[in-house]
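**Student:** Below is the file coords15.txt, which contains compact mmCIF, C-alpha atoms and all ligand atoms.
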```txt
# COMPACT_ATOMS: atom_id res chain seq x y z
CA MET A 3 0.00 0.00 0.00
CA SER A 4 1.41 3.39 -0.90
CA LEU A 5 1.84 6.08 1.72
CA VAL A 6 -0.78 8.23 0.04
CA GLN A 7 -3.34 5.45 0.29
CA GLN A 8 -2.37 4.77 3.88
CA ARG A 9 -2.82 8.42 4.71
CA ARG A 10 -6.27 8.36 3.25
CA GLY A 11 -7.04 5.39 5.44
CA TYR A 12 -8.01 2.67 2.98
CA PHE A 13 -7.61 -1.02 3.67
CA GLY A 14 -8.20 -2.51 0.24
CA GLU A 15 -11.60 -1.13 -0.78
CA PHE A 16 -12.66 -0.47 2.84
CA GLY A 17 -12.32 2.51 5.16
CA GLY A 18 -12.00 6.09 3.99
CA SER A 19 -14.11 8.96 5.20
CA PHE A 20 -17.64 9.81 4.05
CA VAL A 21 -18.62 12.82 6.13
CA PRO A 22 -19.82 16.44 5.66
CA PRO A 23 -17.09 19.00 4.86
CA GLU A 24 -17.20 20.64 8.35
CA LEU A 25 -16.49 17.31 9.97
CA GLN A 26 -13.82 16.45 7.40
CA GLU A 27 -11.96 19.55 8.49
CA ALA A 28 -11.85 18.26 12.06
CA LEU A 29 -10.75 14.79 10.89
CA ASP A 30 -7.98 16.21 8.70
CA TYR A 31 -6.62 18.09 11.68
CA LEU A 32 -6.79 14.94 13.81
CA GLU A 33 -4.99 12.91 11.12
CA ASP A 34 -2.27 15.49 10.90
CA GLN A 35 -1.72 15.50 14.66
CA PHE A 36 -1.83 11.70 14.95
CA PHE A 37 0.86 11.24 12.30
CA LYS A 38 2.93 13.90 14.02
CA TYR A 39 2.84 12.23 17.44
CA LYS A 40 2.61 8.51 16.77
CA ASP A 41 6.36 8.13 16.23
CA ASP A 42 7.37 10.89 18.61
CA PRO A 43 9.71 9.36 21.24
CA GLU A 44 8.50 11.63 24.05
CA PHE A 45 4.85 10.88 23.28
CA ASN A 46 5.55 7.15 23.26
CA GLU A 47 7.49 7.35 26.53
CA GLU A 48 4.50 9.00 28.14
CA PHE A 49 2.11 6.38 26.71
CA LYS A 50 4.35 3.60 28.06
CA HIS A 51 4.48 5.26 31.44
CA TYR A 52 0.68 5.20 31.82
CA LEU A 53 0.39 1.69 30.40
CA LYS A 54 2.62 0.51 33.22
CA GLU A 55 1.70 2.76 36.14
CA TYR A 56 -2.03 3.15 35.57
CA ILE A 57 -3.25 0.20 33.53
CA GLY A 58 -0.81 -2.27 35.07
CA ARG A 59 0.85 -3.54 31.88
CA GLU A 60 2.41 -5.67 30.78
CA ASN A 61 -0.26 -8.17 31.65
CA PRO A 62 0.57 -11.91 31.60
CA LEU A 63 0.25 -14.48 28.84
CA THR A 64 -1.09 -17.26 31.04
CA PHE A 65 -0.73 -20.93 30.07
CA ALA A 66 -4.18 -22.53 30.59
CA ALA A 67 -2.87 -25.88 31.82
CA ARG A 68 -6.11 -27.52 32.95
CA LEU A 69 -8.09 -26.32 29.96
CA THR A 70 -5.37 -27.61 27.61
CA GLU A 71 -5.37 -30.98 29.34
CA ARG A 72 -9.14 -31.21 29.26
CA LEU A 73 -9.29 -30.52 25.51
CA GLY A 74 -6.38 -32.82 24.69
CA GLY A 75 -5.02 -30.85 21.72
CA ALA A 76 -3.21 -27.57 21.14
CA LYS A 77 -1.68 -25.67 24.06
CA ILE A 78 -3.86 -22.72 25.03
CA TYR A 79 -2.44 -19.42 26.25
CA LEU A 80 -4.60 -16.54 27.48
CA LYS A 81 -3.61 -12.91 26.90
CA ARG A 82 -4.88 -11.28 30.06
CA GLU A 83 -6.51 -7.98 29.08
CA ASP A 84 -9.02 -8.83 31.84
CA LEU A 85 -6.36 -7.83 34.37
CA ASN A 86 -6.09 -4.24 33.14
CA HIS A 87 -7.39 -1.42 35.32
CA THR A 88 -11.15 -1.12 34.60
CA GLY A 89 -11.22 -4.73 33.47
CA SER A 90 -10.75 -4.76 29.70
CA HIS A 91 -8.62 -3.76 26.73
CA LYS A 92 -10.65 -0.56 26.17
CA ILE A 93 -8.49 1.51 28.51
CA ASN A 94 -5.37 1.05 26.27
CA ASN A 95 -6.98 3.06 23.49
CA VAL A 96 -8.57 5.59 25.85
CA ILE A 97 -5.24 6.49 27.44
CA GLY A 98 -3.57 6.79 24.03
CA GLN A 99 -6.26 9.08 22.64
CA ILE A 100 -6.36 11.27 25.75
CA LEU A 101 -2.61 11.81 25.51
CA LEU A 102 -3.17 12.83 21.90
CA ALA A 103 -6.00 15.15 22.97
CA LYS A 104 -3.70 16.80 25.51
CA ARG A 105 -1.01 17.38 22.89
CA MET A 106 -3.64 18.89 20.62
CA GLY A 107 -4.59 21.32 23.39
CA ALA A 108 -8.14 19.97 23.82
CA LYS A 109 -9.93 21.27 26.89
CA ARG A 110 -12.70 18.70 26.85
CA VAL A 111 -13.24 15.11 25.76
CA ILE A 112 -16.50 13.75 24.40
CA ALA A 113 -17.47 10.15 23.66
CA GLU A 114 -20.51 8.07 22.94
CA THR A 115 -21.37 4.81 24.60
CA GLY A 116 -23.98 2.09 24.15
CA ALA A 117 -23.74 -0.39 27.00
CA GLY A 118 -21.53 2.01 28.90
CA GLN A 119 -18.17 0.22 28.92
CA HIS A 120 -16.39 2.72 26.66
CA GLY A 121 -18.02 5.59 28.55
CA VAL A 122 -16.73 4.25 31.86
CA ALA A 123 -13.20 3.77 30.50
CA THR A 124 -13.23 7.30 29.08
CA ALA A 125 -14.61 8.84 32.29
CA THR A 126 -11.96 6.94 34.27
CA ALA A 127 -9.02 8.30 32.30
CA CYS A 128 -10.49 11.82 32.16
CA ALA A 129 -10.71 11.78 35.97
CA MET A 130 -7.08 10.74 36.20
CA PHE A 131 -5.94 13.50 33.83
CA GLY A 132 -8.40 16.10 35.19
CA ILE A 133 -10.06 16.65 31.80
CA ASP A 134 -13.67 17.75 31.36
CA CYS A 135 -15.66 14.76 30.07
CA THR A 136 -19.07 14.53 28.36
CA ILE A 137 -20.58 11.16 27.42
CA TYR A 138 -23.49 10.90 25.01
CA MET A 139 -25.76 7.94 25.57
CA GLY A 140 -29.12 6.95 24.07
CA GLU A 141 -31.91 7.62 26.55
CA GLU A 142 -33.08 4.02 26.29
CA ASP A 143 -29.53 2.86 27.07
CA THR A 144 -29.26 5.19 30.11
CA ARG A 145 -32.28 3.40 31.57
CA ARG A 146 -31.01 -0.10 30.82
CA GLN A 147 -27.52 0.72 32.07
CA ALA A 148 -28.35 2.90 35.06
CA LEU A 149 -25.44 1.55 37.08
CA ASN A 150 -22.92 2.48 34.39
CA VAL A 151 -24.43 5.97 34.21
CA PHE A 152 -23.87 6.25 37.96
CA ARG A 153 -20.29 4.97 37.55
CA MET A 154 -19.53 7.64 34.95
CA GLU A 155 -21.04 10.35 37.16
CA LEU A 156 -19.07 9.08 40.12
CA LEU A 157 -15.97 9.54 37.98
CA GLY A 158 -16.94 13.15 37.34
CA ALA A 159 -18.29 12.82 33.79
CA LYS A 160 -21.42 14.50 32.48
CA VAL A 161 -23.77 11.95 30.92
CA VAL A 162 -26.11 13.41 28.29
CA PRO A 163 -29.15 11.22 27.50
CA VAL A 164 -30.09 11.44 23.81
CA SER A 165 -33.83 11.13 23.15
CA LYS A 166 -33.74 11.96 19.43
CA GLY A 167 -34.43 9.12 16.99
CA GLN A 168 -34.73 5.80 18.77
CA GLY A 169 -32.64 6.92 21.71
CA ARG A 170 -29.95 4.31 20.97
CA LEU A 171 -26.24 4.22 20.21
CA LYS A 172 -26.60 5.53 16.66
CA ASP A 173 -28.42 8.64 17.90
CA ALA A 174 -25.76 9.20 20.56
CA VAL A 175 -23.10 9.04 17.81
CA ASP A 176 -24.97 11.72 15.83
CA GLU A 177 -25.14 14.02 18.86
CA ALA A 178 -21.45 13.53 19.63
CA LEU A 179 -20.58 14.34 16.00
CA ASN A 180 -22.69 17.54 16.12
CA ASP A 181 -20.83 18.57 19.26
CA LEU A 182 -17.51 17.88 17.53
CA VAL A 183 -18.37 19.89 14.43
CA GLU A 184 -19.26 22.88 16.61
CA ASN A 185 -16.42 22.62 19.08
CA TYR A 186 -13.52 20.84 17.44
CA LYS A 187 -11.04 23.63 18.19
CA ASN A 188 -11.17 22.76 21.91
CA THR A 189 -12.85 19.33 21.94
CA PHE A 190 -11.55 15.82 21.28
CA TYR A 191 -13.93 13.05 20.21
CA LEU A 192 -12.64 9.83 21.77
CA LEU A 193 -13.80 6.86 19.69
CA GLY A 194 -13.92 3.46 21.34
CA SER A 195 -13.44 0.83 18.64
CA ALA A 196 -11.55 0.27 15.37
CA VAL A 197 -14.42 1.82 13.40
CA GLY A 198 -15.47 5.25 12.11
CA PRO A 199 -14.04 7.45 9.40
CA HIS A 200 -10.29 7.74 8.87
CA PRO A 201 -8.11 8.30 10.91
CA TYR A 202 -9.94 6.57 13.81
CA PRO A 203 -9.41 2.93 12.75
CA SER A 204 -5.67 3.57 12.39
CA ILE A 205 -5.49 5.42 15.72
CA VAL A 206 -7.30 2.67 17.62
CA LYS A 207 -5.16 -0.05 16.01
CA HIS A 208 -2.00 1.85 16.88
CA PHE A 209 -2.87 2.06 20.59
CA GLN A 210 -4.31 -1.48 20.85
CA SER A 211 -1.30 -3.04 19.09
CA VAL A 212 0.41 -3.19 22.47
CA ILE A 213 -1.57 -6.42 22.99
CA SER A 214 0.22 -8.35 20.24
CA GLU A 215 3.51 -6.55 20.77
CA GLU A 216 3.53 -8.07 24.26
CA SER A 217 2.05 -11.46 23.37
CA LYS A 218 4.61 -12.01 20.61
CA ARG A 219 7.50 -11.29 22.95
CA GLN A 220 5.91 -13.43 25.66
CA ILE A 221 5.21 -16.48 23.49
CA LEU A 222 8.76 -16.36 22.07
CA GLU A 223 10.09 -16.32 25.63
CA LYS A 224 7.87 -19.19 26.78
CA GLU A 225 7.79 -21.42 23.71
CA GLY A 226 10.60 -20.17 21.49
CA ARG A 227 8.22 -19.92 18.55
CA LEU A 228 5.16 -18.14 17.20
CA PRO A 229 1.63 -19.43 17.89
CA ASP A 230 -0.31 -21.36 15.25
CA ALA A 231 -3.45 -19.30 15.82
CA VAL A 232 -4.58 -16.13 17.58
CA ILE A 233 -8.28 -15.96 18.47
CA ALA A 234 -10.23 -12.85 19.49
CA CYS A 235 -13.87 -11.79 19.68
CA VAL A 236 -15.07 -9.11 17.28
CA GLY A 237 -17.51 -6.29 17.98
CA GLY A 238 -16.21 -3.20 16.21
CA GLY A 239 -12.88 -4.98 16.08
CA SER A 240 -10.48 -3.16 18.43
CA ASN A 241 -9.31 -5.97 20.71
CA ALA A 242 -9.00 -8.29 17.71
CA ILE A 243 -6.98 -5.87 15.58
CA GLY A 244 -4.72 -5.20 18.57
CA ALA A 245 -4.29 -8.94 19.16
CA PHE A 246 -3.58 -9.56 15.44
CA ALA A 247 -1.45 -6.52 14.55
CA HIS A 248 2.05 -7.90 15.09
CA TYR A 249 1.16 -11.24 13.46
CA ILE A 250 -0.44 -9.94 10.25
CA ASP A 251 2.85 -10.30 8.35
CA GLU A 252 3.60 -13.70 9.97
CA LEU A 253 1.75 -15.85 7.47
CA SER A 254 2.16 -19.06 9.51
CA VAL A 255 -0.10 -17.61 12.21
CA ARG A 256 -3.84 -18.08 11.66
CA LEU A 257 -5.86 -15.01 12.67
CA ILE A 258 -9.35 -15.91 13.84
CA GLY A 259 -12.14 -13.49 14.74
CA VAL A 260 -15.30 -14.72 16.47
CA GLU A 261 -18.72 -13.09 16.20
CA PRO A 262 -22.14 -13.68 17.77
CA GLU A 263 -24.51 -15.66 15.58
CA ARG A 264 -26.94 -12.72 15.36
CA ALA A 265 -24.32 -10.03 14.69
CA ALA A 266 -22.37 -11.95 12.02
CA THR A 267 -21.09 -8.86 10.22
CA LEU A 268 -17.99 -10.46 8.71
CA THR A 269 -19.55 -13.81 8.06
CA LYS A 270 -22.64 -12.44 6.31
CA GLY A 271 -22.09 -8.72 5.66
CA VAL A 272 -21.81 -6.91 2.32
CA PRO A 273 -19.75 -3.79 1.44
CA ALA A 274 -21.57 -0.55 2.29
CA VAL A 275 -21.00 2.84 3.91
CA LEU A 276 -22.04 3.00 7.58
CA HIS A 277 -21.33 5.83 10.09
CA GLY A 278 -18.97 7.58 7.69
CA PHE A 279 -16.75 4.73 6.44
CA LYS A 280 -16.93 1.71 4.13
CA CYS A 281 -16.99 -1.74 5.66
CA LEU A 282 -18.89 -5.00 5.62
CA VAL A 283 -22.37 -4.33 6.99
CA LEU A 284 -25.33 -6.53 7.79
CA LEU A 285 -28.19 -5.18 5.70
CA ASP A 286 -31.85 -6.14 5.65
CA GLU A 287 -33.86 -6.73 2.46
CA GLU A 288 -34.44 -2.99 1.98
CA GLY A 289 -30.73 -2.27 2.25
CA ASN A 290 -30.87 -0.74 5.74
CA PRO A 291 -28.48 -1.74 8.56
CA GLN A 292 -30.00 -4.80 10.17
CA PRO A 293 -30.73 -4.76 13.91
CA THR A 294 -28.23 -7.05 15.64
CA TYR A 295 -28.49 -8.85 18.93
CA SER A 296 -25.86 -10.28 21.23
CA ILE A 297 -25.94 -11.44 24.84
CA ALA A 298 -22.61 -9.57 25.03
CA ALA A 299 -23.48 -5.87 24.77
CA GLY A 300 -19.99 -5.03 23.50
CA LEU A 301 -20.46 -7.14 20.36
CA ASP A 302 -23.79 -5.68 19.34
CA TYR A 303 -22.88 -3.59 16.27
CA PRO A 304 -24.08 -4.00 12.64
CA GLY A 305 -20.76 -2.84 11.08
CA ILE A 306 -17.13 -3.76 11.57
CA GLY A 307 -13.77 -2.03 11.30
CA PRO A 308 -12.48 -1.51 7.74
CA GLU A 309 -9.26 -3.45 8.29
CA HIS A 310 -11.17 -6.55 9.43
CA SER A 311 -13.37 -6.17 6.35
CA HIS A 312 -10.21 -6.23 4.25
CA LEU A 313 -8.58 -9.09 6.19
CA LYS A 314 -11.75 -11.10 5.60
CA VAL A 315 -12.10 -10.36 1.87
CA SER A 316 -8.38 -10.87 1.23
CA GLY A 317 -8.48 -14.17 3.11
CA ARG A 318 -5.70 -13.27 5.58
CA ALA A 319 -8.01 -13.67 8.59
CA GLU A 320 -10.86 -16.09 9.23
CA TYR A 321 -14.12 -15.21 10.95
CA TYR A 322 -16.60 -17.60 12.54
CA THR A 323 -19.76 -17.38 14.60
CA VAL A 324 -20.65 -19.14 17.83
CA THR A 325 -24.07 -19.60 19.42
CA ASN A 326 -25.28 -18.20 22.75
CA GLU A 327 -25.28 -21.73 24.18
CA GLU A 328 -21.63 -22.20 23.19
CA VAL A 329 -20.76 -18.84 24.77
CA LEU A 330 -22.49 -19.68 28.05
CA GLU A 331 -20.77 -23.05 28.12
CA ALA A 332 -17.36 -21.43 27.50
CA PHE A 333 -18.06 -18.85 30.23
CA GLN A 334 -18.53 -21.69 32.73
CA VAL A 335 -15.76 -23.95 31.44
CA LEU A 336 -13.09 -21.26 31.74
CA SER A 337 -14.37 -20.29 35.19
CA ARG A 338 -14.17 -23.88 36.43
CA THR A 339 -10.96 -25.06 34.81
CA GLU A 340 -8.83 -21.93 35.18
CA GLY A 341 -10.46 -19.83 37.90
CA ILE A 342 -10.94 -17.00 35.42
CA ILE A 343 -14.44 -15.61 34.79
CA PRO A 344 -14.31 -14.07 31.30
CA ALA A 345 -16.42 -11.21 29.92
CA LEU A 346 -19.28 -12.56 27.80
CA GLU A 347 -17.59 -10.89 24.81
CA SER A 348 -14.33 -12.74 25.51
CA ALA A 349 -16.24 -15.98 26.08
CA HIS A 350 -16.97 -15.94 22.32
CA ALA A 351 -13.25 -16.32 21.63
CA VAL A 352 -12.98 -19.02 24.30
CA ALA A 353 -15.95 -20.86 22.75
CA TYR A 354 -14.19 -21.10 19.41
CA ALA A 355 -10.96 -22.21 21.09
CA LEU A 356 -12.90 -25.07 22.72
CA LYS A 357 -13.77 -26.27 19.20
CA LEU A 358 -10.39 -25.69 17.59
CA ALA A 359 -7.92 -26.95 20.20
CA PRO A 360 -9.06 -30.62 20.15
CA ILE A 361 -8.57 -30.92 16.39
CA LEU A 362 -5.02 -29.54 16.54
CA SER A 363 -2.00 -31.52 17.74
CA ARG A 364 -0.37 -31.23 21.18
CA GLU A 365 2.60 -29.47 19.59
CA GLN A 366 0.47 -26.61 18.35
CA ILE A 367 -0.19 -23.34 20.19
CA ILE A 368 -3.27 -21.10 20.38
CA ILE A 369 -3.38 -17.64 21.94
CA VAL A 370 -6.86 -16.53 23.06
CA ASN A 371 -7.23 -12.82 23.68
CA LEU A 372 -9.17 -12.49 26.92
CA SER A 373 -10.49 -9.00 26.19
CA GLY A 374 -12.15 -8.47 29.58
CA ARG A 375 -13.23 -9.89 32.90
CA GLY A 376 -16.71 -11.20 33.59
CA ASP A 377 -17.65 -9.49 36.85
CA LYS A 378 -19.94 -7.15 34.91
CA ASP A 379 -21.78 -10.15 33.41
CA VAL A 380 -22.23 -12.44 36.39
CA GLU A 381 -25.71 -11.16 37.25
CA GLN A 382 -26.88 -11.52 33.64
CA VAL A 383 -25.52 -15.06 33.37
CA PHE A 384 -27.14 -15.89 36.71
CA ARG A 385 -30.51 -14.85 35.27
CA MET A 386 -29.94 -16.78 32.05
CA LEU A 387 -28.88 -19.98 33.77
CA LYS A 388 -31.44 -19.97 36.56
CA SER A 389 -34.48 -19.14 34.41
C1 LIG A 401 -16.23 -3.51 24.11
C2 LIG A 401 -15.72 -4.87 24.32
C3 LIG A 401 -15.49 -5.76 23.24
C4 LIG A 401 -15.84 -5.45 21.82
O1 LIG A 401 -15.19 -4.37 21.24
P1 LIG A 401 -14.04 -4.56 20.17
O2 LIG A 401 -13.81 -3.17 19.69
O3 LIG A 401 -14.53 -5.47 19.09
O4 LIG A 401 -12.87 -5.12 20.87
C5 LIG A 401 -14.94 -7.00 23.53
N1 LIG A 401 -14.65 -7.38 24.78
C6 LIG A 401 -14.87 -6.57 25.84
C7 LIG A 401 -14.54 -7.06 27.21
C8 LIG A 401 -15.41 -5.29 25.65
O5 LIG A 401 -15.62 -4.49 26.70
```
Take the structure in the file and write it out as structure tokens.
Ligand SMILES: *Cc1c(COP(=O)(O)O)cnc(C)c1O
**Tutor:**
Amino acid sequence: MSLVQQRRGYFGEFGGSFVPPELQEALDYLEDQFFKYKDDPEFNEEFKHYLKEYIGRENPLTFAARLTERLGGAKIYLKREDLNHTGSHKINNVIGQILLAKRMGAKRVIAETGAGQHGVATATACAMFGIDCTIYMGEEDTRRQALNVFRMELLGAKVVPVSKGQGRLKDAVDEALNDLVENYKNTFYLLGSAVGPHPYPSIVKHFQSVISEESKRQILEKEGRLPDAVIACVGGGSNAIGAFAHYIDELSVRLIGVEPERAATLTKGVPAVLHGFKCLVLLDEEGNPQPTYSIAAGLDYPGIGPEHSHLKVSGRAEYYTVTNEEVLEAFQVLSRTEGIIPALESAHAVAYALKLAPILSREQIIIVNLSGRGDKDVEQVFRMLKS
């Protein structure tokens, strides 16, 4: 890919930026600043400092001995994003983008959130840096996720319920974008996954790549060779692209993304423009984005990052779906065999590993990216299992 293409943010035919001119102006400025700082040694020193002192990196690559024995095939390692401060990989990207916002002189940070996890991560880091924080959230979502709204407020953020439209994530995105267009000289829009118009997918990948940078070093230390497969769950695609990044050019490593059956964007999607960029999208018969459903709120999104769309179409990565039953089973199996309760999102990756490991040989190695911990999901699983 030429530099010019890279700068425009295309991954094959996917990506780009399809937004009104006022917003494009803000995105051009952001692109310019990102390319200025991403290789700046001082900026990277500061990022590393917070990864270690605040998030608690590097996190371990844990050998899942009992799970491996139980499955009787490939060795399974778990990359422990669940051990990060706030309990998932999301904080890696939030810290990176806030440091960028600070360099750009932003006085306030805005973000949108659906289930609330990205909002909580953003509010957390804004509290730590003392930055004014506004989170847009669909009114319907503020009711369903009242506890996360309280968490964000506890952390000093202002939560703005959006009642326009259907009062869901999409409407919150629109409100956040309006805010950005009006205030971009002093406001930074902190996007939570590897989606959106250029340069966001590249920014999010850059900051999440720390996952595979560490796992590659760790697996070489422990096993003296690369894994045969890396497995991650896919919502918008940020934990997966971070877990894949340093293996994309290592063609011996299979890259496997796992989606919910009823949000099978990569498995069943077609190319279309959604939320300002081109990607694979699940469309209904009339050509509108199809409503998705997942028991894991973080995977409930009808589109997918442009780079995953390209990795899928080019054949470099593989994407599969698992059922809710398989996810619930994996949630319990990992809890019982390893003493690790995974996030329901992460349990999708575990569920596929449970199928793959037994058909591989004992010499082979799988890394499962454990994107988050399951404390937030225990009550929901309790209700599902006891009803
Ligand atoms: C938000 C979330 C996801 C899904 O988002 P991606 O951008 O696809 O990574 C996965 N796991 C956890 C724990 C999450 O909080």
**Student:** Please return as an mmCIF file with C-alpha atoms, in the frame of the given file the residues found within 7 Å of ligand LIG 401 (chain A), counting all atoms listed in the file.
**Tutor:**
```cif
data_model
loop_
_atom_site.group_PDB
_atom_site.id
_atom_site.type_symbol
_atom_site.label_atom_id
_atom_site.label_comp_id
_atom_site.auth_asym_id
_atom_site.auth_seq_id
_atom_site.Cartn_x
_atom_site.Cartn_y
_atom_site.Cartn_z
ATOM 1 C CA SER A 90 -10.750 -4.760 29.700
ATOM 2 C CA HIS A 91 -8.620 -3.760 26.730
ATOM 3 C CA LYS A 92 -10.650 -0.560 26.170
ATOM 4 C CA GLN A 119 -18.170 0.220 28.920
ATOM 5 C CA HIS A 120 -16.390 2.720 26.660
ATOM 6 C CA GLY A 194 -13.920 3.460 21.340
ATOM 7 C CA SER A 195 -13.440 0.830 18.640
ATOM 8 C CA ALA A 196 -11.550 0.270 15.370
ATOM 9 C CA CYS A 235 -13.870 -11.790 19.680
ATOM 10 C CA VAL A 236 -15.070 -9.110 17.280
ATOM 11 C CA GLY A 237 -17.510 -6.290 17.980
ATOM 12 C CA GLY A 238 -16.210 -3.200 16.210
ATOM 13 C CA GLY A 239 -12.880 -4.980 16.080
ATOM 14 C CA SER A 240 -10.480 -3.160 18.430
ATOM 15 C CA ASN A 241 -9.310 -5.970 20.710
ATOM 16 C CA ALA A 242 -9.000 -8.290 17.710
ATOM 17 C CA GLY A 300 -19.990 -5.030 23.500
ATOM 18 C CA LEU A 301 -20.460 -7.140 20.360
ATOM 19 C CA ALA A 345 -16.420 -11.210 29.920
ATOM 20 C CA GLU A 347 -17.590 -10.890 24.810
ATOM 21 C CA SER A 348 -14.330 -12.740 25.510
ATOM 22 C CA SER A 373 -10.490 -9.000 26.190
ATOM 23 C CA GLY A 374 -12.150 -8.470 29.580
ATOM 24 C CA ARG A 375 -13.230 -9.890 32.900
#
```
**Student:** Select, from A:Glu60, A:Glu252, A:Glu141, A:Glu263, the residue with the minimum atom-to-atom distance to Val324 of chain A, counting all atoms listed in the file.
**Tutor:**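 The answer is A:Glu263, which sits nearest to Val324 of chain A.
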**Student:** Find, counting all atoms listed in the file, the residue in A:Lys270, A:His350, A:His310, A:Arg82 that gets nearest to Phe65 of chain A.
**Tutor:**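 Ranking A:Lys270, A:His350, A:His310, A:Arg82 by distance to Phe65 of chain A, first place goes to A:Arg82.
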**Student:** In Å to one decimal, how far is atom CA of Ile306 of chain A from atom CA of Gly289 of chain A?
**Tutor:**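 Interatomic distance, atom CA of Gly289 of chain A to atom CA of Ile306 of chain A: 16.6 Å.
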**Student:** As a ChimeraX atom specification, please: the residues near Glu83 of chain A (cut-off 12 Å, all atoms listed in the file, same-chain neighbours under 3 positions excluded).
**Tutor:** /A:53,57-64,80,86-94,210,212-214,216-217,234,241-242,244-245,342,344-345,348,370-376
**Student:** Within 10 Å of Leu32 of chain A, counting only C-alpha atoms, which residues qualify if same-chain residues fewer than 5 places away don't, as a PyMOL selection string?
**Tutor:** chain A and resi 26-27+37-38+102-103+106+186+190-191+200-202+205
**Student:** Once you count all atoms listed in the file, which residues end up no further than 12 Å from (-15.6, 8.3, 20.1) in the file's frame, shown as a VMD selection string?
**Tutor:** chain A and resid 92 95 to 96 99 to 100 111 to 116 120 to 121 123 to 124 135 to 139 171 to 172 174 to 179 181 to 182 189 to 199 201 to 203 205 to 206 277
**Student:** Which of these residues is nearest to Gly278 of chain A, using only C-alpha atoms: A:Leu358, A:Ala298, A:Leu222, A:Gly305?
**Tutor:**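 The shortest atom-to-atom distance to Gly278 of chain A comes from A:Gly305.
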**Student:** Here's a test: counting all atoms listed in the file, identify every protein, DNA and RNA residue with an atom at most 10 Å from (-18.8, -3.0, 5.7) in the file's coordinate frame, and state them as an NGL selection string.
**Tutor:** :A and (15-17 or 267-268 or 271-276 or 279-285 or 304-312)
**Student:** Give the answer as one residue: which of A:Pro163, A:Gly75, A:Gly158, A:Gly118 has the shortest atom-to-atom distance to Asp134 of chain A, using only C-alpha atoms?
**Tutor:**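 Comparing A:Pro163, A:Gly75, A:Gly158, A:Gly118 against Asp134 of chain A, the winner is A:Gly158.
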**Student:** Between A:Arg153, A:Lys40, A:Arg146, A:Arg72, which has the minimum distance to Ala117 of chain A (counting all atoms listed in the file)?
**Tutor:**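 Between A:Arg153, A:Lys40, A:Arg146, A:Arg72, the residue approaching Ala117 of chain A most closely is A:Arg146.
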**Student:** So which one's closest to Tyr249 of chain A, A:Ile369, A:Ser165, A:Ala266, A:Glu331? Using only C-alpha atoms, please.
**Tutor:**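 Smallest separation from Tyr249 of chain A among the options: A:Ile369.
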**Student:** By how many Å are atom CA of Leu387 of chain A and atom CA of Ser337 of chain A apart?
**Tutor:**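 Interatomic distance, atom CA of Leu387 of chain A to atom CA of Ser337 of chain A: 14.6 Å.
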**Student:** What is the distance, in Å and to one decimal place, between atom CA of Val329 of chain A and atom CA of Asp379 of chain A?
**Tutor:**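 Separation between atom CA of Val329 of chain A and atom CA of Asp379 of chain A: 12.3 Å.
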